[in-house]
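Engineer: Next up is a structure, given as structure tokens.
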Amino acid sequence: MRIATWNVNSLSVRLPQVLAWLQANPVDALALQELKLTDDKFPLQALQEAGYHAVSHGQKTYNGVAWLTRTPASEVVRNIPGLDDDQARIIAVTMDTPSGPMRLINGYFVNGQAPGTDKFAYKMRWLQALQDWVRSEMAAHPHLVLVGDFNVAPEDRDSYDPVGLKDTIHHTVEERAHFQALLDLGLIDAFRMFEQPEKSYSWWDYRMLGFQKNRGLRIDHILVSAALRGSVTACSVDRLPRKNPQPSDHAPVVVTLD
DNA sequence: ATGACGGTGTGGCACCGA
């Protein structure tokens with residue numbers, strides 16, 4: 001079984017690439033972020049014709065998340081329960097698998113702009129609410145995967161310039177502590193379970209030849225619960241879509257489970 | 001220090017992303 005996450009930076013623009021990628025990579029579930037469209041504009045039919053069920057939590061202009069699944073999804077939750085949030089950043093579903101139900105949480109985490117700003121304070125509040133909610137989700141669902149665009153580079157090796165960017169957004173002690181707190185709940189960073197190429201990233205700035213120079217960040221993650229750890233056999237970034245004409249600035253991350 | 005690129009909205013640019 002394969003599960004993937006991809007920040008597509010506008011599903012309207014990227015739909016042909018998503019369909020092409022799914023044809024080449026027929027994963028069992030794909031989490032999308034930054035749809036930048038409302039649910040009434042969600043391309044449900046095209047995705048169904050590609051063989052996927054889909055549930056979305058859309059929003060105009062910004063944010064928006066969705067799950068595409070091979071089998072129908074149930075127990076759909078949109079946004080963090082109890083958090084008053086006008087931004088569409090979370091969608092969670094349960095998917096039946098051969099080894100039982102699996103809880104799939106997809107997040108488009110807050111960017112945060114810069115430490116000291118209102119947006120950074122919102123990021124901290126949001127991360128705390130997420131942590132509290134994920135804790136309860138894990139108690140209810142032993143087989144759980146938390147994926148998405150975390151907007152956090154967990155360690156120095158996840159950044160092309162950890163010295164120059166020290167304490168800037170994605171690199172702050174506070175953001176990294178929140179990422180660590182998710183690991184402390186018992187989640188495991190699937191990507192780091194395996195040997196990886198040095199300077200592995202999932203996002204590259206559109207500007208200044210960021211991708212060509214591999215000036216990127218690893219901010220898109222797949223975390224798995226302890227009960228799933230033994231079944232994870234691979235996890236990697238697929239850089240190919242970043243080479244497309246009109247690419248998203250993010251590349252998909254894929255995990256394989258037995 | 002700033003902007004660089006790309007997407008969106010309703011515009012002649014501003015805002016946001018990371």
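Order determines the names: the first chain of the structure tokens is A, the second B, and so forth; residues in each chain are numbered 1 upward, and ligands are numbered 1 upward as they are shown.
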Would you mind listing, for every residue of chain B within 9 Å of chain A, the two atoms forming the shortest contact and the distance between them in Å to one decimal, using only C-alpha atoms (C1' of nucleotides), sorted by chain and ascending residue number, as CSV?

Structural biologist:
```
residue,atom,partner,partner_atom,distance
B:DA4,C1',A:Arg207,CA,5.2
B:DC5,C1',A:Arg207,CA,4.7
B:DG6,C1',A:Tyr206,CA,7.2
B:DG7,C1',A:Ser10,CA,7.0
B:DT8,C1',A:Thr61,CA,5.5
B:DG9,C1',A:Thr61,CA,7.9
B:DC16,C1',A:Tyr62,CA,8.4
B:DG17,C1',A:Asn111,CA,7.7
B:DA18,C1',A:Asn111,CA,7.1
```

Engineer: From a DSSP calculation on the backbone, collect every residue of range 21-258 of chain A in strand (DSSP E) and output the set as a tab-separated table (two decimals) with C-alpha atoms, in the first residue's frame.

Structural biologist:
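Below is the file that was written, out-v1.tsv:
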```tsv
chain	number	residue	atom	x	y	z
A	29	ALA	CA	-4.29	7.47	-1.02
A	30	LEU	CA	-3.10	10.94	-1.96
A	31	ALA	CA	-3.30	13.98	0.29
A	32	LEU	CA	-3.46	17.32	-1.50
A	33	GLN	CA	-2.83	20.77	-0.05
A	53	HIS	CA	-12.90	8.64	-4.30
A	54	ALA	CA	-12.35	12.15	-3.05
A	55	VAL	CA	-13.32	14.37	-0.16
A	56	SER	CA	-12.29	17.98	-0.02
A	57	HIS	CA	-12.25	20.90	2.36
A	65	VAL	CA	-7.05	20.22	1.46
A	66	ALA	CA	-8.34	16.91	0.10
A	67	TRP	CA	-7.96	13.14	0.33
A	68	LEU	CA	-8.09	10.97	-2.77
A	69	THR	CA	-8.55	7.29	-1.91
A	73	ALA	CA	-13.32	7.10	2.97
A	74	SER	CA	-15.41	7.42	6.12
A	75	GLU	CA	-15.44	9.46	9.35
A	76	VAL	CA	-14.53	12.66	7.53
A	77	VAL	CA	-13.39	15.50	9.78
A	78	ARG	CA	-12.77	18.99	8.43
A	90	ILE	CA	-7.21	19.87	7.86
A	91	ILE	CA	-9.11	16.93	6.47
A	92	ALA	CA	-9.09	13.53	8.15
A	93	VAL	CA	-10.64	10.28	6.94
A	94	THR	CA	-10.66	6.60	7.78
A	95	MET	CA	-9.76	4.16	5.03
A	96	ASP	CA	-10.25	0.41	5.17
A	97	THR	CA	-7.09	-1.58	4.50
A	100	GLY	CA	-7.85	-2.92	9.28
A	101	PRO	CA	-9.01	0.68	9.38
A	102	MET	CA	-6.37	3.37	8.99
A	103	ARG	CA	-6.84	6.96	10.09
A	104	LEU	CA	-5.44	9.43	7.55
A	105	ILE	CA	-4.88	13.02	8.64
A	106	ASN	CA	-3.91	15.59	6.03
A	107	GLY	CA	-2.72	19.04	7.11
A	108	TYR	CA	-1.72	22.23	5.39
A	144	LEU	CA	-2.73	6.46	11.98
A	145	VAL	CA	-0.80	8.49	9.43
A	146	LEU	CA	-0.29	12.26	9.68
A	147	VAL	CA	0.84	13.78	6.40
A	148	GLY	CA	1.01	17.13	4.73
A	149	ASP	CA	2.86	20.37	4.27
A	188	ILE	CA	7.64	8.40	13.44
A	189	ASP	CA	9.08	10.42	10.55
A	203	TRP	CA	10.08	22.30	-1.63
A	204	TRP	CA	12.16	24.69	-3.70
A	216	GLY	CA	15.23	23.69	-0.88
A	217	LEU	CA	13.62	22.66	2.38
A	220	ASP	CA	6.42	17.98	3.60
A	221	HIS	CA	6.27	14.99	5.89
A	222	ILE	CA	4.70	11.60	6.51
A	223	LEU	CA	4.46	10.54	10.14
A	224	VAL	CA	3.22	7.06	11.05
A	232	VAL	CA	6.82	0.73	6.46
A	233	THR	CA	9.18	-0.45	3.73
A	234	ALA	CA	10.08	2.77	1.89
A	235	CYS	CA	9.65	6.54	1.90
A	236	SER	CA	10.97	9.00	-0.66
A	237	VAL	CA	10.49	12.35	-2.36
A	253	VAL	CA	6.39	12.47	-0.75
A	254	VAL	CA	5.43	8.79	-0.88
A	255	VAL	CA	5.43	6.08	1.78
A	256	THR	CA	5.10	2.35	1.13
A	257	LEU	CA	3.59	0.01	3.73
```

Engineer: CA of Ala20 in chain A and CA of Ser99 in chain A are how many Å apart?

Structural biologist: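 One can read the CA of Ala20 in chain A to CA of Ser99 in chain A distance as 28.8 Å.
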
Engineer: Check range 42-244 of chain A with DSSP on the backbone and list each residue it calls alpha helix (DSSP H), as number ranges by chain.

Structural biologist: A: 44-49, 118-140, 173-184, 226-229

Engineer: Could you save those same residues with C-alpha atoms as an mmCIF file, in the first residue's frame?

Structural biologist:
```
data_model
loop_
_atom_site.group_PDB
_atom_site.id
_atom_site.type_symbol
_atom_site.label_atom_id
_atom_site.label_comp_id
_atom_site.auth_asym_id
_atom_site.auth_seq_id
_atom_site.Cartn_x
_atom_site.Cartn_y
_atom_site.Cartn_z
ATOM 1 C CA LEU A 44 -14.533 15.428 -8.518
ATOM 2 C CA GLN A 45 -15.541 13.864 -11.811
ATOM 3 C CA ALA A 46 -12.057 13.876 -13.331
ATOM 4 C CA LEU A 47 -10.660 12.251 -10.205
ATOM 5 C CA GLN A 48 -13.428 9.661 -10.104
ATOM 6 C CA GLU A 49 -12.722 8.815 -13.719
ATOM 7 C CA ASP A 118 0.485 37.688 14.249
ATOM 8 C CA LYS A 119 0.755 34.908 11.690
ATOM 9 C CA PHE A 120 3.515 33.245 13.688
ATOM 10 C CA ALA A 121 1.378 33.435 16.831
ATOM 11 C CA TYR A 122 -1.462 31.825 14.861
ATOM 12 C CA LYS A 123 0.942 29.104 13.752
ATOM 13 C CA MET A 124 1.860 28.367 17.364
ATOM 14 C CA ARG A 125 -1.798 28.241 18.471
ATOM 15 C CA TRP A 126 -2.655 26.043 15.505
ATOM 16 C CA LEU A 127 0.222 23.649 16.168
ATOM 17 C CA GLN A 128 -0.788 23.301 19.815
ATOM 18 C CA ALA A 129 -4.402 22.596 18.878
ATOM 19 C CA LEU A 130 -3.234 20.064 16.312
ATOM 20 C CA GLN A 131 -1.064 18.298 18.842
ATOM 21 C CA ASP A 132 -3.895 18.032 21.356
ATOM 22 C CA TRP A 133 -6.286 16.721 18.726
ATOM 23 C CA VAL A 134 -3.809 14.252 17.189
ATOM 24 C CA ARG A 135 -3.188 12.824 20.660
ATOM 25 C CA SER A 136 -6.865 11.929 20.959
ATOM 26 C CA GLU A 137 -7.012 10.657 17.381
ATOM 27 C CA MET A 138 -4.098 8.339 18.095
ATOM 28 C CA ALA A 139 -5.861 6.965 21.140
ATOM 29 C CA ALA A 140 -8.883 6.170 18.986
ATOM 30 C CA VAL A 173 13.271 26.497 17.929
ATOM 31 C CA GLU A 174 9.537 26.907 18.598
ATOM 32 C CA GLU A 175 8.428 25.307 15.337
ATOM 33 C CA ARG A 176 10.886 22.456 15.738
ATOM 34 C CA ALA A 177 9.691 21.868 19.292
ATOM 35 C CA HIS A 178 6.167 21.450 17.966
ATOM 36 C CA PHE A 179 7.390 18.959 15.379
ATOM 37 C CA GLN A 180 9.249 17.078 18.105
ATOM 38 C CA ALA A 181 6.104 17.092 20.227
ATOM 39 C CA LEU A 182 4.323 15.182 17.476
ATOM 40 C CA LEU A 183 7.141 12.632 17.491
ATOM 41 C CA ASP A 184 6.863 12.476 21.267
ATOM 42 C CA ALA A 226 4.130 3.106 16.205
ATOM 43 C CA ALA A 227 1.745 0.299 15.294
ATOM 44 C CA LEU A 228 2.506 0.921 11.619
ATOM 45 C CA ARG A 229 6.253 1.297 11.944
#
```

Engineer: Considering only C-alpha atoms, can you say which of A:Arg70, A:Leu83, A:Ala114, A:Gln23 comes closest to Leu165 in chain A?

Structural biologist: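 Of all the options, A:Ala114 lies closest to Leu165 in chain A.
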